[in-house]
$ cat target-v6.tsv   # TSV, C-alpha atoms
chain	number	residue	atom	x	y	z
A	1	MET	CA	0.00	0.00	0.00
A	2	TRP	CA	2.77	2.40	0.98
A	3	ASP	CA	4.59	1.56	-2.22
A	4	LYS	CA	1.68	3.00	-4.17
A	5	PHE	CA	2.29	6.42	-2.65
A	6	THR	CA	6.03	6.37	-2.87
A	7	GLY	CA	5.88	5.13	-6.45
A	8	LYS	CA	8.18	2.21	-5.68
A	9	LYS	CA	7.38	-0.94	-7.51
A	10	ARG	CA	7.53	-4.13	-5.54
A	11	VAL	CA	7.91	-7.20	-7.72
A	12	THR	CA	5.35	-9.59	-6.32
A	13	SER	CA	5.88	-13.34	-6.19
A	14	ARG	CA	2.86	-13.59	-8.45
A	15	GLU	CA	4.70	-11.66	-11.18
A	16	VAL	CA	7.80	-13.77	-10.68
A	17	ALA	CA	5.73	-16.94	-10.98
A	18	LYS	CA	4.07	-15.70	-14.14
A	19	GLN	CA	7.32	-14.76	-15.83
A	20	ARG	CA	8.98	-18.04	-14.89
A	21	LEU	CA	6.03	-20.01	-16.17
A	22	GLN	CA	5.92	-18.14	-19.45
A	23	LEU	CA	9.59	-18.80	-20.03
A	24	VAL	CA	9.51	-22.47	-19.12
A	25	LEU	CA	6.43	-23.07	-21.26
A	26	ILE	CA	8.04	-21.54	-24.32
A	27	HIS	CA	10.67	-24.27	-24.06
A	28	ASP	CA	8.19	-27.01	-23.13
A	29	ARG	CA	5.99	-26.18	-26.09
A	30	SER	CA	8.68	-25.79	-28.68
A	31	ASP	CA	10.42	-29.14	-28.40
A	32	ILE	CA	13.70	-27.35	-28.99
A	33	SER	CA	16.35	-28.69	-26.63
A	34	PRO	CA	19.29	-26.71	-25.28
A	35	VAL	CA	21.54	-29.10	-27.22
A	36	MET	CA	19.77	-28.19	-30.43
A	37	LEU	CA	20.08	-24.50	-29.63
A	38	GLU	CA	23.84	-24.89	-29.13
A	39	ALA	CA	24.22	-26.70	-32.45
A	40	LEU	CA	22.19	-23.98	-34.13
A	41	LYS	CA	24.39	-21.33	-32.57
A	42	ALA	CA	27.57	-23.00	-33.88
A	43	ASP	CA	26.12	-23.22	-37.39
A	44	LEU	CA	24.97	-19.60	-37.29
A	45	ILE	CA	28.44	-18.46	-36.22
A	46	ALA	CA	30.01	-20.39	-39.08
A	47	VAL	CA	27.68	-18.95	-41.72
A	48	ILE	CA	27.70	-15.36	-40.53
A	49	SER	CA	31.46	-15.33	-39.96
A	50	GLU	CA	31.94	-15.82	-43.66
A	51	HIS	CA	30.51	-12.35	-44.23
A	52	LEU	CA	30.91	-10.43	-41.02
A	53	GLU	CA	33.27	-10.27	-38.13
A	54	ILE	CA	31.17	-11.03	-35.09
A	55	ASP	CA	31.61	-11.14	-31.35
A	56	GLN	CA	31.18	-14.84	-30.72
A	57	GLU	CA	31.09	-14.44	-26.95
A	58	GLY	CA	28.27	-11.92	-27.15
A	59	ILE	CA	25.88	-14.05	-29.14
A	60	GLU	CA	22.54	-14.69	-27.54
A	61	ILE	CA	20.04	-17.14	-28.90
A	62	THR	CA	16.75	-17.35	-27.10
A	63	LEU	CA	13.24	-18.61	-27.63
A	64	SER	CA	10.38	-16.26	-27.11
A	65	GLU	CA	6.74	-16.22	-27.90
A	66	SER	CA	4.45	-13.66	-29.42
A	67	ARG	CA	1.08	-13.83	-31.06
A	68	GLY	CA	0.85	-17.51	-30.23
A	69	LYS	CA	3.96	-18.48	-32.16
A	70	SER	CA	7.36	-19.51	-30.88
A	71	ARG	CA	10.13	-17.32	-32.16
A	72	LEU	CA	13.85	-17.78	-32.26
A	73	LEU	CA	15.67	-14.60	-31.39
A	74	ALA	CA	19.35	-14.28	-32.23
A	75	THR	CA	21.32	-11.25	-31.08
A	76	ILE	CA	24.68	-11.20	-32.80
A	77	PRO	CA	27.04	-8.31	-32.10
A	78	ILE	CA	28.91	-7.26	-35.26
A	79	LEU	CA	32.52	-6.10	-34.85
A	80	GLY	CA	33.06	-5.18	-38.49
A	81	ARG	CA	32.86	-6.26	-42.06
A	82	ARG	CA	35.17	-9.01	-43.21
A	83	THR	CA	37.73	-7.38	-45.46
A	84	ARG	CA	38.40	-10.49	-47.45
A	85	ARG	CA	35.97	-13.02	-48.55
B	86	MET	CA	-30.04	-39.23	-25.88
B	87	PRO	CA	-26.77	-41.00	-25.10
B	88	GLY	CA	-24.77	-39.61	-22.20
B	89	ARG	CA	-21.68	-37.44	-22.34
B	90	VAL	CA	-18.38	-38.88	-21.20
B	91	ILE	CA	-16.28	-36.26	-19.43
B	92	THR	CA	-12.79	-36.99	-18.15
B	93	ILE	CA	-11.34	-34.95	-15.29
B	94	THR	CA	-7.56	-34.86	-15.45
B	95	SER	CA	-4.61	-32.64	-14.48
B	96	GLY	CA	-1.13	-33.94	-15.09
B	97	LYS	CA	0.07	-33.06	-11.63
B	98	GLY	CA	-1.19	-35.07	-8.68
B	99	GLY	CA	-2.89	-33.60	-5.66
B	100	VAL	CA	-4.63	-30.69	-7.36
B	101	GLY	CA	-8.14	-31.96	-6.68
B	102	LYS	CA	-9.19	-34.23	-9.53
B	103	THR	CA	-10.94	-36.75	-7.33
B	104	THR	CA	-12.64	-34.11	-5.19
B	105	THR	CA	-13.79	-32.35	-8.35
B	106	THR	CA	-15.09	-35.54	-9.93
B	107	ALA	CA	-16.99	-36.51	-6.77
B	108	ASN	CA	-18.55	-33.09	-6.33
B	109	LEU	CA	-19.49	-32.59	-9.95
B	110	ALA	CA	-21.13	-36.02	-9.89
B	111	VAL	CA	-23.13	-35.01	-6.81
B	112	CYS	CA	-24.08	-31.62	-8.27
B	113	LEU	CA	-25.19	-33.08	-11.60
B	114	ALA	CA	-27.22	-35.71	-9.74
B	115	LEU	CA	-28.78	-32.95	-7.61
B	116	LEU	CA	-29.79	-31.31	-10.90
B	117	GLY	CA	-31.74	-34.46	-11.67
B	118	GLN	CA	-29.21	-36.05	-13.99
B	119	ARG	CA	-28.30	-39.72	-14.09
B	120	VAL	CA	-24.60	-39.81	-13.32
B	121	VAL	CA	-21.91	-42.45	-13.01
B	122	ALA	CA	-18.48	-41.57	-11.64
B	123	VAL	CA	-15.75	-43.88	-12.90
B	124	ASP	CA	-12.49	-44.20	-10.98
B	125	ALA	CA	-9.79	-44.77	-13.61
B	126	ASP	CA	-6.95	-44.54	-11.12
B	127	ILE	CA	-6.25	-48.25	-10.98
B	128	GLY	CA	-4.01	-49.24	-8.10
B	129	LEU	CA	-4.61	-45.96	-6.26
B	130	ARG	CA	-8.35	-45.82	-5.98
B	131	ASN	CA	-9.81	-43.01	-3.94
B	132	LEU	CA	-13.07	-41.90	-5.47
B	133	ASP	CA	-14.82	-44.54	-3.31
B	134	VAL	CA	-13.58	-42.99	-0.04
B	135	VAL	CA	-14.23	-39.43	-1.15
B	136	LEU	CA	-17.82	-40.43	-1.94
B	137	GLY	CA	-18.07	-42.44	1.29
B	138	LEU	CA	-18.82	-45.65	-0.58
B	139	GLU	CA	-15.69	-47.64	0.27
B	140	ASN	CA	-17.58	-50.24	2.30
B	141	ARG	CA	-19.83	-51.14	-0.60
B	142	VAL	CA	-17.18	-52.04	-3.15
B	143	VAL	CA	-17.59	-55.63	-4.31
B	144	TYR	CA	-16.51	-55.67	-7.94
B	145	ASP	CA	-14.38	-53.13	-9.77
B	146	LEU	CA	-13.46	-51.86	-13.23
B	147	VAL	CA	-10.87	-54.59	-13.78
B	148	ASP	CA	-13.37	-57.29	-12.78
B	149	VAL	CA	-15.68	-55.95	-15.49
B	150	VAL	CA	-12.92	-55.80	-18.10
B	151	GLU	CA	-11.76	-59.32	-17.28
B	152	GLY	CA	-15.29	-60.71	-17.33
B	153	ARG	CA	-15.62	-61.67	-13.66
B	154	CYS	CA	-18.86	-59.70	-13.40
B	155	ARG	CA	-21.27	-57.75	-15.52
B	156	LEU	CA	-20.95	-53.97	-15.64
B	157	ARG	CA	-24.22	-53.53	-13.75
B	158	GLN	CA	-22.93	-55.62	-10.84
B	159	ALA	CA	-19.88	-53.40	-10.37
B	160	LEU	CA	-21.89	-50.18	-10.15
B	161	ILE	CA	-22.46	-48.91	-6.61
B	162	ARG	CA	-25.47	-46.73	-5.95
B	163	ASP	CA	-24.85	-43.60	-3.89
B	164	LYS	CA	-26.19	-43.47	-0.33
B	165	ARG	CA	-28.08	-40.23	-0.81
B	166	LEU	CA	-28.69	-39.84	-4.51
B	167	SER	CA	-30.60	-42.61	-6.21
B	168	GLU	CA	-29.52	-41.55	-9.70
B	169	MET	CA	-25.80	-41.51	-8.93
B	170	TYR	CA	-23.44	-44.46	-9.22
B	171	LEU	CA	-19.76	-45.23	-8.76
B	172	LEU	CA	-17.68	-47.63	-10.82
B	173	PRO	CA	-14.66	-48.20	-8.57
B	174	ALA	CA	-11.10	-48.85	-9.69
B	175	ALA	CA	-9.22	-52.00	-8.72
B	176	GLN	CA	-6.85	-51.43	-5.84
B	177	THR	CA	-4.55	-54.41	-6.22
B	178	ARG	CA	-3.73	-54.08	-9.91
B	179	ASP	CA	-1.95	-51.46	-12.02
B	180	LYS	CA	-2.73	-49.26	-15.03
B	181	THR	CA	-1.77	-51.95	-17.51
B	182	ALA	CA	-4.71	-54.13	-16.37
B	183	VAL	CA	-6.96	-52.07	-18.66
B	184	SER	CA	-6.36	-50.91	-22.24
B	185	PRO	CA	-7.64	-47.72	-23.88
B	186	ALA	CA	-9.84	-49.84	-26.17
B	187	GLN	CA	-11.42	-51.54	-23.15
B	188	MET	CA	-12.12	-48.14	-21.57
B	189	VAL	CA	-13.80	-46.99	-24.77
B	190	ASP	CA	-15.93	-50.12	-24.60
B	191	ILE	CA	-16.94	-49.46	-20.97
B	192	CYS	CA	-17.85	-45.86	-21.83
B	193	ASN	CA	-19.98	-47.05	-24.72
B	194	GLN	CA	-21.78	-49.47	-22.42
B	195	LEU	CA	-22.48	-46.72	-19.87
B	196	ARG	CA	-23.63	-44.03	-22.32
B	197	PRO	CA	-27.15	-45.34	-22.96
B	198	ASP	CA	-28.00	-45.56	-19.24
B	199	PHE	CA	-26.58	-42.28	-17.99
B	200	ASP	CA	-26.68	-38.59	-18.82
B	201	TYR	CA	-23.13	-38.08	-17.61
B	202	VAL	CA	-20.19	-40.43	-17.28
B	203	LEU	CA	-17.48	-38.64	-15.26
B	204	ILE	CA	-14.06	-40.28	-15.35
B	205	ASP	CA	-11.54	-39.53	-12.61
B	206	SER	CA	-8.12	-39.75	-14.27
B	207	PRO	CA	-4.91	-40.68	-12.52
B	208	ALA	CA	-2.10	-38.13	-12.42
B	209	GLY	CA	0.62	-38.36	-15.03
B	210	ILE	CA	0.68	-38.64	-18.79
B	211	GLU	CA	1.22	-42.38	-19.12
B	212	GLN	CA	-1.15	-45.22	-19.78
B	213	GLY	CA	-3.47	-44.44	-16.88
B	214	PHE	CA	-4.11	-41.01	-18.37
B	215	GLN	CA	-4.43	-42.47	-21.87
B	216	ASN	CA	-7.01	-44.94	-20.56
B	217	ALA	CA	-8.96	-42.21	-18.82
B	218	VAL	CA	-9.26	-39.98	-21.89
B	219	ALA	CA	-9.69	-42.76	-24.45
B	220	GLY	CA	-13.49	-42.81	-24.28
B	221	ALA	CA	-14.02	-39.14	-23.43
B	222	ASP	CA	-16.23	-36.78	-25.41
B	223	GLU	CA	-14.82	-33.89	-23.44
B	224	VAL	CA	-11.92	-33.23	-21.10
B	225	ILE	CA	-11.83	-31.03	-18.02
B	226	ILE	CA	-8.41	-30.05	-16.74
B	227	VAL	CA	-7.97	-29.18	-13.07
B	228	THR	CA	-5.10	-27.01	-11.93
B	229	THR	CA	-4.14	-24.90	-8.94
B	230	PRO	CA	-2.55	-21.45	-9.22
B	231	GLU	CA	0.95	-22.83	-8.74
B	232	VAL	CA	3.84	-22.93	-11.17
B	233	SER	CA	4.20	-26.72	-11.21
B	234	ALA	CA	0.49	-27.44	-11.59
B	235	VAL	CA	0.05	-24.89	-14.39
B	236	ARG	CA	3.07	-26.24	-16.23
B	237	ASP	CA	1.71	-29.78	-16.08
B	238	ALA	CA	-1.72	-28.55	-17.16
B	239	ASP	CA	-0.10	-27.02	-20.24
B	240	ARG	CA	1.42	-30.38	-21.10
B	241	ILE	CA	-1.95	-32.10	-20.72
B	242	ILE	CA	-3.66	-29.48	-22.88
B	243	GLY	CA	-1.15	-30.28	-25.63
B	244	LEU	CA	-1.81	-34.00	-25.32
B	245	VAL	CA	-5.58	-33.56	-25.33
B	246	GLU	CA	-5.36	-31.37	-28.43
B	247	ALA	CA	-3.18	-33.97	-30.11
B	248	GLY	CA	-5.79	-36.60	-29.26
B	249	GLU	CA	-8.47	-34.56	-31.05
B	250	LYS	CA	-10.83	-34.52	-28.09
B	251	GLY	CA	-12.02	-31.02	-28.84
B	252	PRO	CA	-11.10	-28.05	-26.70
B	253	ALA	CA	-10.50	-28.93	-23.06
B	254	ARG	CA	-11.90	-26.65	-20.37
B	255	LEU	CA	-10.16	-25.52	-17.22
B	256	ILE	CA	-11.04	-25.54	-13.54
B	257	ILE	CA	-8.75	-23.52	-11.29
B	258	ASN	CA	-8.88	-25.00	-7.82
B	259	ARG	CA	-7.74	-23.81	-4.40
B	260	ILE	CA	-7.59	-20.11	-5.06
B	261	LYS	CA	-6.74	-18.15	-1.93
B	262	PRO	CA	-8.30	-14.70	-2.38
B	263	ASP	CA	-6.13	-13.14	0.34
B	264	MET	CA	-2.93	-14.27	-1.33
B	265	VAL	CA	-4.13	-13.10	-4.74
B	266	ARG	CA	-4.92	-9.73	-3.22
B	267	ARG	CA	-1.42	-9.50	-1.76
B	268	GLY	CA	0.13	-10.34	-5.11
B	269	ASP	CA	1.40	-13.66	-3.81
B	270	MET	CA	-0.64	-16.00	-5.96
B	271	LEU	CA	-1.30	-16.25	-9.68
B	272	ASP	CA	-4.81	-15.05	-10.33
B	273	VAL	CA	-7.40	-16.44	-12.71
B	274	SER	CA	-6.48	-14.09	-15.54
B	275	ASP	CA	-2.77	-14.99	-15.24
B	276	VAL	CA	-3.50	-18.70	-15.54
B	277	LEU	CA	-5.87	-18.19	-18.47
B	278	GLU	CA	-3.39	-15.94	-20.27
B	279	ILE	CA	-0.67	-18.55	-19.88
B	280	LEU	CA	-2.74	-21.61	-20.79
B	281	ARG	CA	-5.01	-20.02	-23.44
B	282	ILE	CA	-7.93	-22.26	-22.65
B	283	ASP	CA	-11.62	-21.79	-21.83
B	284	LEU	CA	-12.46	-21.41	-18.18
B	285	LEU	CA	-15.10	-23.74	-16.77
B	286	GLY	CA	-14.88	-22.70	-13.15
B	287	ILE	CA	-12.95	-21.42	-10.19
B	288	ILE	CA	-12.98	-22.98	-6.75
B	289	PRO	CA	-11.80	-21.15	-3.65
B	290	GLU	CA	-9.66	-22.86	-1.06
B	291	ASP	CA	-12.20	-24.10	1.45
B	292	GLU	CA	-11.63	-26.00	4.70
B	293	HIS	CA	-15.06	-27.54	4.31
B	294	ILE	CA	-13.49	-29.81	1.69
B	295	ILE	CA	-11.16	-31.45	4.18
B	296	VAL	CA	-13.95	-31.89	6.71
B	297	SER	CA	-16.29	-33.35	4.10
B	298	THR	CA	-13.60	-35.69	2.81
B	299	ASN	CA	-12.96	-36.84	6.38
B	300	LYS	CA	-16.61	-37.79	6.62
B	301	GLY	CA	-17.01	-39.20	3.13
B	302	THR	CA	-19.74	-36.72	2.29
B	303	PRO	CA	-18.84	-34.54	-0.70
B	304	VAL	CA	-18.83	-30.85	0.13
B	305	ALA	CA	-21.50	-30.25	-2.52
B	306	HIS	CA	-24.07	-31.42	0.05
B	307	GLU	CA	-23.01	-28.60	2.37
B	308	VAL	CA	-25.24	-25.70	1.45
B	309	GLY	CA	-23.20	-22.82	2.88
B	310	ALA	CA	-19.71	-23.90	1.80
B	311	PRO	CA	-18.07	-21.61	-0.78
B	312	ALA	CA	-16.58	-24.60	-2.63
B	313	ALA	CA	-20.03	-26.19	-2.82
B	314	GLN	CA	-21.37	-23.09	-4.55
B	315	ALA	CA	-18.44	-23.22	-6.95
B	316	PHE	CA	-19.13	-26.87	-7.83
B	317	ARG	CA	-22.83	-26.19	-8.30
B	318	ASN	CA	-21.98	-23.37	-10.70
B	319	ILE	CA	-19.65	-25.63	-12.67
B	320	ALA	CA	-22.28	-28.37	-12.89
B	321	ARG	CA	-24.74	-25.86	-14.32
B	322	ARG	CA	-22.15	-24.69	-16.86
B	323	ILE	CA	-21.61	-28.31	-17.88
B	324	ARG	CA	-25.38	-28.47	-18.44
B	325	GLY	CA	-24.97	-25.54	-20.82
B	326	GLU	CA	-26.22	-22.75	-18.57
B	327	GLU	CA	-24.51	-19.39	-18.49
B	328	VAL	CA	-23.45	-18.85	-14.89
B	329	PRO	CA	-21.30	-15.88	-13.92
B	330	PHE	CA	-17.93	-16.70	-12.36
B	331	MET	CA	-17.44	-16.24	-8.64
B	332	THR	CA	-15.74	-13.11	-7.48
B	333	LEU	CA	-12.72	-14.09	-5.44
B	334	GLY	CA	-10.48	-11.51	-3.97
B	335	GLY	CA	-10.90	-7.78	-4.10
B	336	SER	CA	-13.87	-8.06	-1.78
B	337	ASP	CA	-12.14	-6.59	1.25
B	338	ASN	CA	-13.00	-3.09	0.15
B	339	LEU	CA	-16.14	-1.26	1.16
B	340	PHE	CA	-17.92	-2.00	-2.09
B	341	GLY	CA	-17.26	-5.73	-1.83
B	342	ARG	CA	-18.43	-5.85	1.77
B	343	LEU	CA	-21.56	-3.89	0.96
B	344	ARG	CA	-22.35	-6.14	-1.93
B	345	ARG	CA	-21.95	-9.21	0.24
B	346	LEU	CA	-24.26	-7.69	2.83
B	347	ILE	CA	-26.90	-6.98	0.24
B	348	ALA	CA	-26.64	-10.32	-1.55
B	349	PRO	CA	-24.76	-12.79	0.63
B	350	ARG	CA	-25.14	-15.72	-1.76
B	351	SER	CA	-24.67	-13.84	-4.97
B	352	ASP	CA	-21.60	-14.68	-6.93
B	353	ALA	CA	-22.01	-12.33	-9.82
B	354	ARG	CA	-18.81	-11.07	-11.36
$ encode --input "target-v6.tsv" --output "structure tokens"
Amino acid sequence: MWDKFTGKKRVTSREVAKQRLQLVLIHDRSDISPVMLEALKADLIAVISEHLEIDQEGIEITLSESRGKSRLLATIPILGRRTRR
Amino acid sequence: MPGRVITITSGKGGVGKTTTTANLAVCLALLGQRVVAVDADIGLRNLDVVLGLENRVVYDLVDVVEGRCRLRQALIRDKRLSEMYLLPAAQTRDKTAVSPAQMVDICNQLRPDFDYVLIDSPAGIEQGFQNAVAGADEVIIVTTPEVSAVRDADRIIGLVEAGEKGPARLIINRIKPDMVRRGDMLDVSDVLEILRIDLLGIIPEDEHIIVSTNKGTPVAHEVGAPAAQAFRNIARRIRGEEVPFMTLGGSDNLFGRLRRLIAPRSDAR
């Protein structure tokens, strides 16, 4: 109640539960295993590295869900363009 | 008109499948329907004790399947409701004693004589669950507002969809309005948003359930119990009536208290 006045936002255990559930269900529903994700990551690195210099440590591949569909999100930091092909 | 076979299942154990099956059977019977409750939890039977009929069990589901008795002989009439019966599970056997095809056959034999065949499914997603849903026209999934129960419910929803049983409907059991109000429990809208499934009913946590289970008298017989009202509402929705969902939580404000004073039994949204 006090938080409402002070404008502080308490993260309730209900919100934590909801977020955790949403995340775990994305994986449960997609049938994509962590092993498969790792293999995918290695292949992506190989393909993209042919064209761009990328930060391999900074790559993030995650599953998310929007509009009822599972989505694969890859965030790949680019360091620069490969000078030679 | 042949009866409807409805399976009550959950994935996770201990969320209230058996209590729900027993009480929906009672409520449908109180609405004048001919009901048989089938315990499909072979090896871990409990519907008999929840209904208070454990002393009357002579034959069971496996005896019927294996031809030791006729189906009629295995049916136990309820103590209070003359149109309600129980088909008990075997206690000394396991899930493999019955096949999905045999369950379909039992359901087909029961349909002509009853308006509703309610099947109490075992927990899990293995053969016991497969048996329980094999003959179902419709599936009701019971969950509680907890992470593990909701996750398992999601898995079951997927399996029911894959089995082409038509859209399953959800009962959210054991809601604690105080905890929801404090932000310490998933609320109905959270669970529905996550599971994307039609809501059939919500049942508040109610100590009457433990007392009634102790006695072997389903809580549905208890007129003033909040859970009894919830089960009666669900039974009417199963019958096709539009019944507003109970308001749980948020009633500690002045408006909620006033409304309860004015209409103590009302459960309008």
$ closest_atom_pairs --input "target-v6.tsv" --of "chain B" --to "chain A" --cutoff "8 Å" --atoms "all atoms listed in the file" --output "JSON lines"
{"residue": "B:Glu231", "atom": "CA", "partner": "A:Ala17", "partner_atom": "CA", "distance": 7.9}
{"residue": "B:Val232", "atom": "CA", "partner": "A:Leu21", "partner_atom": "CA", "distance": 6.2}
{"residue": "B:Val235", "atom": "CA", "partner": "A:Leu21", "partner_atom": "CA", "distance": 7.9}
{"residue": "B:Arg236", "atom": "CA", "partner": "A:Leu25", "partner_atom": "CA", "distance": 6.8}
{"residue": "B:Asp239", "atom": "CA", "partner": "A:Leu25", "partner_atom": "CA", "distance": 7.7}
{"residue": "B:Arg240", "atom": "CA", "partner": "A:Asp28", "partner_atom": "CA", "distance": 7.8}
{"residue": "B:Val265", "atom": "CA", "partner": "A:Arg14", "partner_atom": "CA", "distance": 7.9}
{"residue": "B:Gly268", "atom": "CA", "partner": "A:Arg14", "partner_atom": "CA", "distance": 5.4}
{"residue": "B:Asp269", "atom": "CA", "partner": "A:Arg14", "partner_atom": "CA", "distance": 4.9}
{"residue": "B:Met270", "atom": "CA", "partner": "A:Arg14", "partner_atom": "CA", "distance": 4.9}
{"residue": "B:Leu271", "atom": "CA", "partner": "A:Arg14", "partner_atom": "CA", "distance": 5.1}
{"residue": "B:Asp275", "atom": "CA", "partner": "A:Lys18", "partner_atom": "CA", "distance": 7.0}
{"residue": "B:Ile279", "atom": "CA", "partner": "A:Gln22", "partner_atom": "CA", "distance": 6.6}
$ atom_distance --input "target-v6.tsv" --atom1 "CA of Asn299 in chain B" --atom2 "CA of Asp263 in chain B"
25.4 Å
$ atom_distance --input "target-v6.tsv" --atom1 "CA of Gln176 in chain B" --atom2 "CA of Val150 in chain B"
14.4 Å
$ residues_near_point --input "target-v6.tsv" --point "(-28.2, -29.8, -11.8)" --cutoff "10 Å" --atoms "all atoms listed in the file" --output "mmCIF file with C-alpha atoms, in the frame of the given file"
data_model
loop_
_atom_site.group_PDB
_atom_site.id
_atom_site.type_symbol
_atom_site.label_atom_id
_atom_site.label_comp_id
_atom_site.auth_asym_id
_atom_site.auth_seq_id
_atom_site.Cartn_x
_atom_site.Cartn_y
_atom_site.Cartn_z
ATOM 1 C CA LEU B 109 -19.490 -32.590 -9.950
ATOM 2 C CA ALA B 110 -21.130 -36.020 -9.890
ATOM 3 C CA VAL B 111 -23.130 -35.010 -6.810
ATOM 4 C CA CYS B 112 -24.080 -31.620 -8.270
ATOM 5 C CA LEU B 113 -25.190 -33.080 -11.600
ATOM 6 C CA ALA B 114 -27.220 -35.710 -9.740
ATOM 7 C CA LEU B 115 -28.780 -32.950 -7.610
ATOM 8 C CA LEU B 116 -29.790 -31.310 -10.900
ATOM 9 C CA GLY B 117 -31.740 -34.460 -11.670
ATOM 10 C CA GLN B 118 -29.210 -36.050 -13.990
ATOM 11 C CA ARG B 317 -22.830 -26.190 -8.300
ATOM 12 C CA ASN B 318 -21.980 -23.370 -10.700
ATOM 13 C CA ILE B 319 -19.650 -25.630 -12.670
ATOM 14 C CA ALA B 320 -22.280 -28.370 -12.890
ATOM 15 C CA ARG B 321 -24.740 -25.860 -14.320
ATOM 16 C CA ARG B 322 -22.150 -24.690 -16.860
ATOM 17 C CA ILE B 323 -21.610 -28.310 -17.880
ATOM 18 C CA ARG B 324 -25.380 -28.470 -18.440
ATOM 19 C CA GLU B 326 -26.220 -22.750 -18.570
#
$ closest_residue --input "target-v6.tsv" --among "B:Glu139, B:Arg178, B:Gly209, B:Val90" --to "Lys250 in chain B" --atoms "all atoms listed in the file"
B:Val90
$ closest_residue --input "target-v6.tsv" --among "B:Gly88, B:Gly248, B:Ile242, B:Ala208" --to "Ile282 in chain B" --atoms "all atoms listed in the file"
B:Ile242
$ residues_near_point --input "target-v6.tsv" --point "(-11.7, -34.6, -9.0)" --cutoff "8 Å" --atoms "all atoms listed in the file" --output "list in words"
Ile93, Thr94, Gly101, Lys102, Thr103, Thr104, Thr105, Thr106, Ala107, Asn108, Asp205 and Val227 of chain B
$ atom_distance --input "target-v6.tsv" --atom1 "CA of Ile241 in chain B" --atom2 "CA of Ser66 in chain A"
21.4 Å
$ residues_around --input "target-v6.tsv" --residues "Lys164 in chain B" --least-positions-apart "6" --cutoff "12 Å" --atoms "all atoms listed in the file" --output "list in words"
Val111, Asp133, Leu136, Gly137, Leu138, Glu139, Asn140, Arg141, Tyr170, Leu171, Gly301, Thr302 and Pro303 of chain B
$ closest_residue --input "target-v6.tsv" --among "B:Asp272, B:Val224, B:Thr229, B:Leu280" --to "Gly251 in chain B" --atoms "all atoms listed in the file"
B:Val224
$ closest_residue --input "target-v6.tsv" --among "B:Asn216, B:Ser206, B:Thr228, B:Ser233" --to "Leu285 in chain B" --atoms "all atoms listed in the file"
B:Thr228
$ axis_aligned_box --input "target-v6.tsv" --around "range 72-83 of chain A" --padding-each-side "8 Å" --output "lines of an AutoDock Vina configuration file"
center_x = 25.8
center_y = -11.5
center_z = -38.3
size_x = 39.9
size_y = 28.6
size_z = 30.4
$ residues_around --input "target-v6.tsv" --residues "Pro289 in chain B" --least-positions-apart "3" --cutoff "8 Å" --atoms "all atoms listed in the file" --output "PyMOL selection string"
chain B and resi 258-262+311-312+315+333
$ residues_around --input "target-v6.tsv" --residues "range 58-60 of chain A" --least-positions-apart "5" --cutoff "10 Å" --atoms "all atoms listed in the file" --output "PyMOL selection string"
chain A and resi 41+44-45+73-78
$ residues_around --input "target-v6.tsv" --residues "Arg254 in chain B" --least-positions-apart "4" --cutoff "6 Å" --atoms "all atoms listed in the file" --output "short mmCIF file (atom, residue, chain, number, x, y, z; two decimals) with C-alpha atoms, in the frame of the given file"
data_model
loop_
_atom_site.label_atom_id
_atom_site.label_comp_id
_atom_site.auth_asym_id
_atom_site.auth_seq_id
_atom_site.Cartn_x
_atom_site.Cartn_y
_atom_site.Cartn_z
CA ILE B 225 -11.83 -31.03 -18.02
CA ASP B 283 -11.62 -21.79 -21.83
CA LEU B 284 -12.46 -21.41 -18.18
CA LEU B 285 -15.10 -23.74 -16.77
#
$ closest_residue --input "target-v6.tsv" --among "B:Ile191, B:Ala253, B:Val135, B:Leu129" --to "Arg155 in chain B" --atoms "all atoms listed in the file"
B:Ile191
